[in-house]
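Structure record follows, encoded as structure tokens.
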Amino acid sequence: QVQLVESGGGLVQTGESLSVSCAVSGSTFSSYAMGWFRQPPGKERDVVATISRNAGGTYYADSVKGRFTISRDNAKNTVYLQMNNLKPEDTAIYYCAARTTTFVTRYYLRSDEYHYWGQGTQVTVPS
């Protein structure tokens, strides 16, 4: 059984940085394309950043481009999201997601393309 466990969320002030992690267990991590999604209060879940199996392909939502960095360590079965210059509009529950794929360079943007999800971690940036 595949399990995704996020960690590292918290409360930070505007302009500060935070890193969230997602540890994957129960299967071969390198066979998954990974993604980070977020759901702000009262809004729908939306893509933040995604990464291919070999980290050769990445995608960032326009709202986070230049501030967030997605990365993965296949030896540690972990995907990371480094968030810099955080803003109040970044406040959300952050979810990681995994999708089995045979394509090593492909990344996926839609939540319905992912097979497994973590429980989420709260990131709060007060206004």
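Ordering of the structure tokens sets the chain letters (A, B, ...); residue numbers start at 1 within each chain; ligands are numbered from 1 in the order shown.
By chain and then residue number, the residues within 6 Å of range 105-116 of chain A are Ile51, Ser52, Gly56, Gly57, Ala97, Ala98 and Arg99 of chain A, counting only C-alpha atoms and disregarding those fewer than 5 positions away in sequence.
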Report task. Check chain A with DSSP on the backbone and list each residue it calls helix (DSSP H, G or I), as number ranges by chain. Result -> A: 29-31, 88-90, 111-113
Requested in this report: Pick out the closest residue to Val48 in chain A from this set: A:Phe68, A:Trp36, A:Trp117, A:Phe103. Count only C-alpha atoms.
Outcome: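 Between A:Phe68, A:Trp36, A:Trp117, A:Phe103, the residue approaching Val48 in chain A most closely is A:Trp36.
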Query - Expected answer as a ChimeraX atom specification: strand (DSSP E or B) residues in range 1-117 of chain A - result: /A:3-7,10-11,18-25,32-39,46-51,58-60,68-73,78-83,92-100,116-117
**Report entry** Close residues, range 82-87 of chain A itself excluded, 9 Å, only C-alpha atoms, min 3 positions apart in chain, as a PyMOL selection string
**Finding:** chain A and resi 12-21+64+66-71+90-91+125-127
Report task. Please provide as a PyMOL selection string all residues within 8 Å of Thr78 in chain A, with the sequence filter that same-chain residues fewer than 5 positions apart are discarded (counting only C-alpha atoms). Result -> chain A and resi 21-24+29+72-73
Saved selection, atoms kept: C-alpha atoms, as a CSV table (one decimal), in the first residue's frame:
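Ended up saving to out_17.csv:
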```csv
chain,number,residue,atom,x,y,z
A,21,SER,CA,8.5,17.4,2.4
A,22,CYS,CA,6.6,14.3,1.3
A,23,ALA,CA,7.9,10.9,2.1
A,24,VAL,CA,6.6,8.0,0.0
A,29,PHE,CA,9.3,6.0,-5.6
A,72,ARG,CA,13.0,15.1,-5.4
A,73,ASP,CA,15.5,12.7,-3.9
```
Report summary line: Of A:Gln39, A:Ser31, A:Asn74, A:Thr124, the one nearest to Thr100 in chain A when counting only C-alpha atoms is A:Ser31
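Among the candidates A:Gln1, A:Thr58, A:Thr102, A:Ser7, the one nearest to Thr121 in chain A when counting only C-alpha atoms is A:Ser7.
In this comparison, which uses only C-alpha atoms, the residue of A:Ser63, A:Gln3, A:Thr101, A:Thr50 approaching Ser30 in chain A most closely is A:Thr101.
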Report task. Extract, using only C-alpha atoms, all DNA, RNA and protein residues at most 12 Å from Ile93 in chain A, discarding same-chain residues fewer than 4 positions from it, and format them as a list in words. Result ->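 Non-adjacent residues within range: Glu6, Ser7, Gly8, Gly9, Gly10, Leu11, Val20, Trp36, Phe37, Arg38, Gln39, Pro40, Pro41, Gly42, Lys43, Glu44, Arg45, Asp46, Val47, Val48, Glu89, Gly118, Gln119, Gly120, Thr121, Gln122, Val123, Thr124 and Val125 of chain A.
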Write out, as a PDB file, in the first residue's frame, the residues just selected, with C-alpha atoms.
```
ATOM      1  CA  GLU A   6       3.732  15.410   4.235  1.00  0.00           C
ATOM      2  CA  SER A   7       5.645  17.332   6.850  1.00  0.00           C
ATOM      3  CA  GLY A   8       7.113  20.756   7.422  1.00  0.00           C
ATOM      4  CA  GLY A   9       4.088  23.000   7.312  1.00  0.00           C
ATOM      5  CA  GLY A  10       3.602  25.797   9.802  1.00  0.00           C
ATOM      6  CA  LEU A  11       3.034  29.475  10.375  1.00  0.00           C
ATOM      7  CA  VAL A  20       7.625  21.034   3.040  1.00  0.00           C
ATOM      8  CA  TRP A  36       2.297  19.508  -5.005  1.00  0.00           C
ATOM      9  CA  PHE A  37      -1.211  20.929  -4.852  1.00  0.00           C
ATOM     10  CA  ARG A  38      -2.789  23.363  -2.432  1.00  0.00           C
ATOM     11  CA  GLN A  39      -6.264  24.236  -1.244  1.00  0.00           C
ATOM     12  CA  PRO A  40      -6.787  27.693   0.244  1.00  0.00           C
ATOM     13  CA  PRO A  41      -9.650  28.219   2.678  1.00  0.00           C
ATOM     14  CA  GLY A  42     -12.977  28.127   0.859  1.00  0.00           C
ATOM     15  CA  LYS A  43     -11.376  27.437  -2.505  1.00  0.00           C
ATOM     16  CA  GLU A  44     -10.706  24.453  -4.696  1.00  0.00           C
ATOM     17  CA  ARG A  45      -7.486  22.486  -4.757  1.00  0.00           C
ATOM     18  CA  ASP A  46      -5.090  23.639  -7.454  1.00  0.00           C
ATOM     19  CA  VAL A  47      -1.688  22.670  -8.776  1.00  0.00           C
ATOM     20  CA  VAL A  48       1.402  24.354  -7.343  1.00  0.00           C
ATOM     21  CA  GLU A  89      -2.196  34.261  -0.509  1.00  0.00           C
ATOM     22  CA  GLY A 118      -1.059  12.592   1.202  1.00  0.00           C
ATOM     23  CA  GLN A 119      -3.143  13.894   4.065  1.00  0.00           C
ATOM     24  CA  GLY A 120      -1.962  17.483   3.651  1.00  0.00           C
ATOM     25  CA  THR A 121       0.016  19.945   5.728  1.00  0.00           C
ATOM     26  CA  GLN A 122      -1.113  23.440   6.675  1.00  0.00           C
ATOM     27  CA  VAL A 123       0.902  26.471   5.643  1.00  0.00           C
ATOM     28  CA  THR A 124      -0.243  29.796   7.098  1.00  0.00           C
ATOM     29  CA  VAL A 125       1.071  33.237   6.215  1.00  0.00           C
TER      30      VAL A 125
END
```
Query - Distance in Å - CA of Val79 in chain A versus CA of Met34 in chain A - result: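 CA of Met34 in chain A lies 7.3 Å from CA of Val79 in chain A.
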